[in-house]
Amino acid sequence: MSLLETRGLTAFYGDFQALFGIDFAIGEGETVAIIGSNGAGKSTFLRSLTGLLANAADAIHFNGRPIGDLPANRIVGLGIAMVPEGRKLFPSLTVEENLKIGAYSGRDGDWSVDRILELFPFMSERRQTPATALSGGQQQMVAIGRALMSNPELLLCDEISLGLAPTVIKDIYDALPAIQQAGTTVVVVEQDIQQAMAVSDRVYCFMEGRVTLEGAPDELSHDDIKEAYFGLKGAA
Amino acid sequence: MDWVNAVIQGVLVGGLYALFATGLSLIFGVMRLVNIAHGDLIVLSSFLCLAIVSGLGLHPLIVLAIVVPLMFAIGYALQRGLLNFTLGPDILPPLLVTFGLSIVIQNALLEIFSADSQKLPAGALQTASLQIVEGLAVGVFPLIVFACAIAVIAGLQFLFYRTALGSAFRATSDDADTARLMGIDNRHIFALAMAISLAVVALAGVFLGMRTSFDPSIGPGRLIYAFEAVIIGGLGSLWGTLAGGIILGVSQIVGGKLFPGADQLAGHVVFLILLVVRPRGLFPRAVD
């Protein structure tokens, strides 16, 4: 059975429809990448999953339970945590306070400040630093740590490589195996197709609010992806 | 010695102004809501205390044990049932709604208690004083008020910077949507902030009523003092708010001594000068 499943998920910003019936499923322990260009609806999809955008209860099932109509502050307690696009650390809080507030929902589990510090050793010396005084890559690691502090079953990562140098991106993705080994199911949203293919068991491609392609990275041909990503058939 | 005395009285009354201002500053800090009814809520607390004092015959300071929790509950309900619906990217709706609330409270008080001036009976505390040196005495009651102001601000400082709830307040203030992703119910956090604000308002209202006479129309004047103390101190700084209250209090008393009858004007003028010289206040929050 799927850990998370959506059926015909739609989303609107006022009159503007951003998602047109997304069918999506992810099994326990799986890592799934969602790729697609700007405006394809990837972030909107994650905002729907986390409850920031309201939906019909039946549109999203998590652990067999309909959660589509729950508010965001109830979702995290059920075990879905999000690393938001642009990191969104709390500037008034120190690094350590940012991590601790990740545990606000009070879910039981193995993650603790100490374990996050093991995963990202640089933080030990920066615990009392205001979070937004860190470099972009370090902030991204704090944002990941903050999400892990809620002991999620499902971790949603929205564009964690955006705007970062390739070496920093590598450092961040190096943390992924440890997170997967802890039994966490992971969804990564990426614009970087190579990166997405490298880390995932399965890939979904979004275009203009629809799923245009789905499959395991080694089953998908270059042309399939190009067509699904850009909507170009037989071009180039 | 006269001047020393004036400054000390000014500092002590500054404690009361800081109590006026703390609640205003707190809710602005947490949810960017400017509560125009703040002054009227102070006066409402004075009248609530008056009603209980005359009903039960207790001392106003004992009645604090009823009025403070009562205003805390009113604050929670007011935020959850009304003001939460006015919050959004536009800051105008909460201004309009609290302005309306101000009018409603003033007129309800007028209807129930009439326009007569009232005073809370402080008993012996009214005139008790401590002799510090020859020719210099300070009232016990103003000292109590000042000590309470320091205790309230120290307590809030601890709550905001040392507790999990405080982190939640600051996180919600930074970014309410991301705070929700952490499991923080922002509606509840906002309601708690208003509840704490009105608990402090209750304290201020009872002290106000014991210090001077009050009637339903004086709320907006207290709101101005509160605003001035907050702006002088710098938005977002609790200790700055205390400093702002003290500066305002000293300006009024010293100004009144220099130019009899001009005490309020002196306070406003000093506020305006500081606004020109330090538009962000004396101790603005670093992050903003």
# chains A, B, ... in the order shown; residues from 1 in each chain; ligands from 1

$ residues_around --residues "Val11 in chain B" --least-positions-apart "2" --cutoff "10 Å" --atoms "only C-alpha atoms" --output "list in words"
Asn5, Ala6, Val7, Ile8, Gln9, Val13, Gly14, Gly15, Leu16, Tyr17, Pro142, Leu143, Phe146, Leu242, Ala243, Gly245, Ile246, Ile247, Leu248, Gly249, Val250, Ser251 and Ile253 of chain B

$ write_last_selection --atoms "N, CA and C atoms" --output "PDB file, in the first residue's frame"
ATOM      1  N   ASN B   5      13.528  65.131  42.942  1.00  0.00           N
ATOM      2  CA  ASN B   5      12.211  64.597  43.246  1.00  0.00           C
ATOM      3  C   ASN B   5      11.374  64.467  41.973  1.00  0.00           C
ATOM      4  N   ALA B   6      11.399  65.524  41.138  1.00  0.00           N
ATOM      5  CA  ALA B   6      10.603  65.504  39.906  1.00  0.00           C
ATOM      6  C   ALA B   6      11.044  64.360  38.993  1.00  0.00           C
ATOM      7  N   VAL B   7      12.359  64.177  38.883  1.00  0.00           N
ATOM      8  CA  VAL B   7      12.850  63.111  38.012  1.00  0.00           C
ATOM      9  C   VAL B   7      12.419  61.746  38.544  1.00  0.00           C
ATOM     10  N   ILE B   8      12.535  61.575  39.865  1.00  0.00           N
ATOM     11  CA  ILE B   8      12.145  60.278  40.436  1.00  0.00           C
ATOM     12  C   ILE B   8      10.654  60.017  40.220  1.00  0.00           C
ATOM     13  N   GLN B   9       9.832  61.032  40.461  1.00  0.00           N
ATOM     14  CA  GLN B   9       8.387  60.845  40.209  1.00  0.00           C
ATOM     15  C   GLN B   9       8.151  60.495  38.742  1.00  0.00           C
ATOM     16  N   VAL B  13       6.300  57.165  37.322  1.00  0.00           N
ATOM     17  CA  VAL B  13       5.089  57.185  36.494  1.00  0.00           C
ATOM     18  C   VAL B  13       5.394  56.549  35.127  1.00  0.00           C
ATOM     19  N   GLY B  14       6.654  56.614  34.736  1.00  0.00           N
ATOM     20  CA  GLY B  14       7.082  55.950  33.504  1.00  0.00           C
ATOM     21  C   GLY B  14       6.818  54.454  33.547  1.00  0.00           C
ATOM     22  N   GLY B  15       6.880  53.869  34.743  1.00  0.00           N
ATOM     23  CA  GLY B  15       6.560  52.445  34.893  1.00  0.00           C
ATOM     24  C   GLY B  15       5.126  52.167  34.473  1.00  0.00           C
ATOM     25  N   LEU B  16       4.218  53.079  34.862  1.00  0.00           N
ATOM     26  CA  LEU B  16       2.808  52.905  34.480  1.00  0.00           C
ATOM     27  C   LEU B  16       2.659  53.024  32.951  1.00  0.00           C
ATOM     28  N   TYR B  17       3.360  54.002  32.366  1.00  0.00           N
ATOM     29  CA  TYR B  17       3.281  54.164  30.914  1.00  0.00           C
ATOM     30  C   TYR B  17       3.843  52.928  30.199  1.00  0.00           C
ATOM     31  N   PRO B 142       3.439  54.232  43.822  1.00  0.00           N
ATOM     32  CA  PRO B 142       4.208  54.343  42.561  1.00  0.00           C
ATOM     33  C   PRO B 142       5.375  53.363  42.501  1.00  0.00           C
ATOM     34  N   LEU B 143       5.994  53.082  43.657  1.00  0.00           N
ATOM     35  CA  LEU B 143       7.083  52.104  43.675  1.00  0.00           C
ATOM     36  C   LEU B 143       6.577  50.711  43.299  1.00  0.00           C
ATOM     37  N   PHE B 146       5.980  50.580  39.614  1.00  0.00           N
ATOM     38  CA  PHE B 146       7.233  50.507  38.868  1.00  0.00           C
ATOM     39  C   PHE B 146       7.827  49.097  38.952  1.00  0.00           C
ATOM     40  N   LEU B 242      10.140  50.090  28.240  1.00  0.00           N
ATOM     41  CA  LEU B 242      10.265  50.621  29.605  1.00  0.00           C
ATOM     42  C   LEU B 242      11.011  51.952  29.559  1.00  0.00           C
ATOM     43  N   ALA B 243      12.105  51.990  28.803  1.00  0.00           N
ATOM     44  CA  ALA B 243      12.862  53.233  28.679  1.00  0.00           C
ATOM     45  C   ALA B 243      11.980  54.330  28.086  1.00  0.00           C
ATOM     46  N   GLY B 245       8.713  54.600  28.291  1.00  0.00           N
ATOM     47  CA  GLY B 245       7.768  55.031  29.318  1.00  0.00           C
ATOM     48  C   GLY B 245       8.425  55.987  30.295  1.00  0.00           C
ATOM     49  N   ILE B 246       9.658  55.655  30.691  1.00  0.00           N
ATOM     50  CA  ILE B 246      10.364  56.497  31.666  1.00  0.00           C
ATOM     51  C   ILE B 246      10.663  57.875  31.064  1.00  0.00           C
ATOM     52  N   ILE B 247      11.129  57.878  29.813  1.00  0.00           N
ATOM     53  CA  ILE B 247      11.442  59.162  29.173  1.00  0.00           C
ATOM     54  C   ILE B 247      10.188  60.032  29.095  1.00  0.00           C
ATOM     55  N   LEU B 248       9.075  59.383  28.745  1.00  0.00           N
ATOM     56  CA  LEU B 248       7.819  60.116  28.659  1.00  0.00           C
ATOM     57  C   LEU B 248       7.403  60.645  30.031  1.00  0.00           C
ATOM     58  N   GLY B 249       7.513  59.814  31.053  1.00  0.00           N
ATOM     59  CA  GLY B 249       7.119  60.209  32.410  1.00  0.00           C
ATOM     60  C   GLY B 249       7.971  61.361  32.919  1.00  0.00           C
ATOM     61  N   VAL B 250       9.296  61.251  32.743  1.00  0.00           N
ATOM     62  CA  VAL B 250      10.206  62.301  33.220  1.00  0.00           C
ATOM     63  C   VAL B 250       9.937  63.594  32.461  1.00  0.00           C
ATOM     64  N   SER B 251       9.747  63.500  31.136  1.00  0.00           N
ATOM     65  CA  SER B 251       9.473  64.701  30.339  1.00  0.00           C
ATOM     66  C   SER B 251       8.234  65.417  30.857  1.00  0.00           C
ATOM     67  N   ILE B 253       6.754  65.284  33.889  1.00  0.00           N
ATOM     68  CA  ILE B 253       6.824  65.856  35.237  1.00  0.00           C
ATOM     69  C   ILE B 253       7.806  67.020  35.275  1.00  0.00           C
TER      70      ILE B 253
END

$ residues_around --residues "Phe283 in chain B" --least-positions-apart "2" --cutoff "10 Å" --atoms "only C-alpha atoms" --output "ChimeraX atom specification"
/B:231-241,243-244,278,280-281,285-286

$ write_last_selection --atoms "C-alpha atoms" --output "short mmCIF file (atom, residue, chain, number, x, y, z; two decimals), in the first residue's frame"
data_model
loop_
_atom_site.label_atom_id
_atom_site.label_comp_id
_atom_site.auth_asym_id
_atom_site.auth_seq_id
_atom_site.Cartn_x
_atom_site.Cartn_y
_atom_site.Cartn_z
CA ILE B 231 7.98 54.43 19.46
CA ILE B 232 10.53 56.13 21.72
CA GLY B 233 11.79 52.76 22.91
CA GLY B 234 11.94 51.24 19.44
CA LEU B 235 9.52 48.70 18.00
CA GLY B 236 10.05 45.15 19.13
CA SER B 237 12.17 45.94 22.19
CA LEU B 238 10.54 45.26 25.57
CA TRP B 239 13.20 46.97 27.67
CA GLY B 240 13.13 49.82 25.15
CA THR B 241 9.43 50.19 25.91
CA ALA B 243 12.86 53.23 28.68
CA GLY B 244 10.28 54.94 26.46
CA ARG B 278 15.86 58.67 16.15
CA ARG B 280 13.44 53.99 14.67
CA GLY B 281 13.48 54.60 18.41
CA ARG B 285 15.29 45.38 17.04
CA ALA B 286 18.32 44.42 14.95
#

$ interface_residues --of "chain A" --to "chain B" --cutoff "8 Å" --atoms "only C-alpha atoms" --output "list in words"
Thr50, Leu52, Ala72, Asn73, Arg74, Ile75, Val76, Gly77, Ala81, Met82, Pro84, Lys88, Phe90, Pro91, Ser92, Leu93, Glu97, Ile101, Gly102, Ala103, Tyr104, Ser105, Ala147 and Ser150 of chain A

$ residues_around --residues "Ala122 in chain B" --least-positions-apart "4" --cutoff "7 Å" --atoms "only C-alpha atoms" --output "PyMOL selection string"
chain B and resi 59-60+126+210

$ closest_residue --among "A:Gly21, A:Glu159, A:Ser221, A:Lys170" --to "Ala33 in chain A" --atoms "only C-alpha atoms"
A:Glu159

$ residues_around --residues "Met1 in chain A" --least-positions-apart "4" --cutoff "12 Å" --atoms "only C-alpha atoms" --output "JSON, numbers by chain"
{"A": [5, 25, 26, 27, 28, 29, 61, 62, 63, 64, 65]}

$ write_last_selection --atoms "C-alpha atoms" --output "mmCIF file, in the first residue's frame"
data_model
loop_
_atom_site.group_PDB
_atom_site.id
_atom_site.type_symbol
_atom_site.label_atom_id
_atom_site.label_comp_id
_atom_site.auth_asym_id
_atom_site.auth_seq_id
_atom_site.Cartn_x
_atom_site.Cartn_y
_atom_site.Cartn_z
ATOM 1 C CA GLU A 5 -1.491 8.872 -2.573
ATOM 2 C CA ALA A 25 1.713 7.662 -5.173
ATOM 3 C CA ILE A 26 4.788 6.955 -3.104
ATOM 4 C CA GLY A 27 5.519 3.778 -1.158
ATOM 5 C CA GLU A 28 7.141 3.519 2.228
ATOM 6 C CA GLY A 29 10.925 3.947 2.099
ATOM 7 C CA HIS A 61 -4.521 9.944 1.487
ATOM 8 C CA PHE A 62 -1.668 9.442 3.942
ATOM 9 C CA ASN A 63 -1.289 6.075 5.657
ATOM 10 C CA GLY A 64 -4.736 5.259 4.297
ATOM 11 C CA ARG A 65 -6.281 8.276 5.962
#

$ closest_residue --among "B:Arg187, B:Arg222, B:Lys119, B:Arg211" --to "Leu41 in chain B" --atoms "only C-alpha atoms"
B:Arg222

$ atom_distance --atom1 "CA of Ala143 in chain A" --atom2 "CA of Ile67 in chain A"
24.1 Å

$ closest_residue --among "B:Phe214, B:Leu78, B:Ala229, B:His38" --to "Val200 in chain B" --atoms "only C-alpha atoms"
B:His38

$ closest_residue --among "B:Leu125, B:Leu198, B:Met31, B:Ala73" --to "Val43 in chain B" --atoms "only C-alpha atoms"
B:Leu198

$ select_by_dssp --residues "range 125-188 of chain A" --states "strand (DSSP E)" --output "list in words"
Leu154, Leu155, Leu156, Cys157, Asp158, Thr185, Val186, Val187 and Val188 of chain A

$ write_last_selection --atoms "N, CA and C atoms" --output "CSV table (one decimal), in the first residue's frame"
chain,number,residue,atom,x,y,z
A,154,LEU,N,7.4,11.1,6.0
A,154,LEU,CA,7.6,11.6,4.7
A,154,LEU,C,8.2,12.9,4.7
A,155,LEU,N,9.4,13.1,4.0
A,155,LEU,CA,10.1,14.4,4.0
A,155,LEU,C,9.9,14.9,2.6
A,156,LEU,N,9.4,16.2,2.5
A,156,LEU,CA,9.2,16.8,1.2
A,156,LEU,C,10.3,17.9,1.1
A,157,CYS,N,11.1,17.8,0.0
A,157,CYS,CA,12.2,18.8,-0.2
A,157,CYS,C,11.9,19.6,-1.4
A,158,ASP,N,11.7,20.9,-1.2
A,158,ASP,CA,11.3,21.7,-2.4
A,158,ASP,C,12.6,22.5,-2.9
A,185,THR,N,10.7,8.3,4.1
A,185,THR,CA,10.4,8.3,2.7
A,185,THR,C,10.6,9.8,2.2
A,186,VAL,N,11.2,9.9,1.0
A,186,VAL,CA,11.6,11.3,0.6
A,186,VAL,C,11.0,11.6,-0.8
A,187,VAL,N,10.5,12.9,-0.9
A,187,VAL,CA,10.1,13.4,-2.2
A,187,VAL,C,11.0,14.6,-2.4
A,188,VAL,N,11.8,14.6,-3.5
A,188,VAL,CA,12.6,15.8,-3.8
A,188,VAL,C,12.0,16.4,-5.1

$ residues_around --residues "Tyr204 in chain A" --least-positions-apart "5" --cutoff "7 Å" --atoms "only C-alpha atoms" --output "compact mmCIF listing (two decimals) with C-alpha atoms, in the first residue's frame"
# COMPACT_ATOMS: atom_id res chain seq x y z
CA ALA A 33 11.80 12.99 -7.56
CA ILE A 34 9.45 15.49 -9.15
CA ILE A 35 10.96 17.38 -12.06
CA VAL A 211 1.84 14.68 -14.76
CA LEU A 213 5.73 11.25 -17.34
CA GLU A 214 6.35 8.75 -14.58
CA GLY A 215 8.85 5.91 -14.19

$ residues_around --residues "Pro94 in chain B" --least-positions-apart "3" --cutoff "8 Å" --atoms "only C-alpha atoms" --output "MDAnalysis selection string"
chainID B and resid 33:35 83 86:87 91 97:98
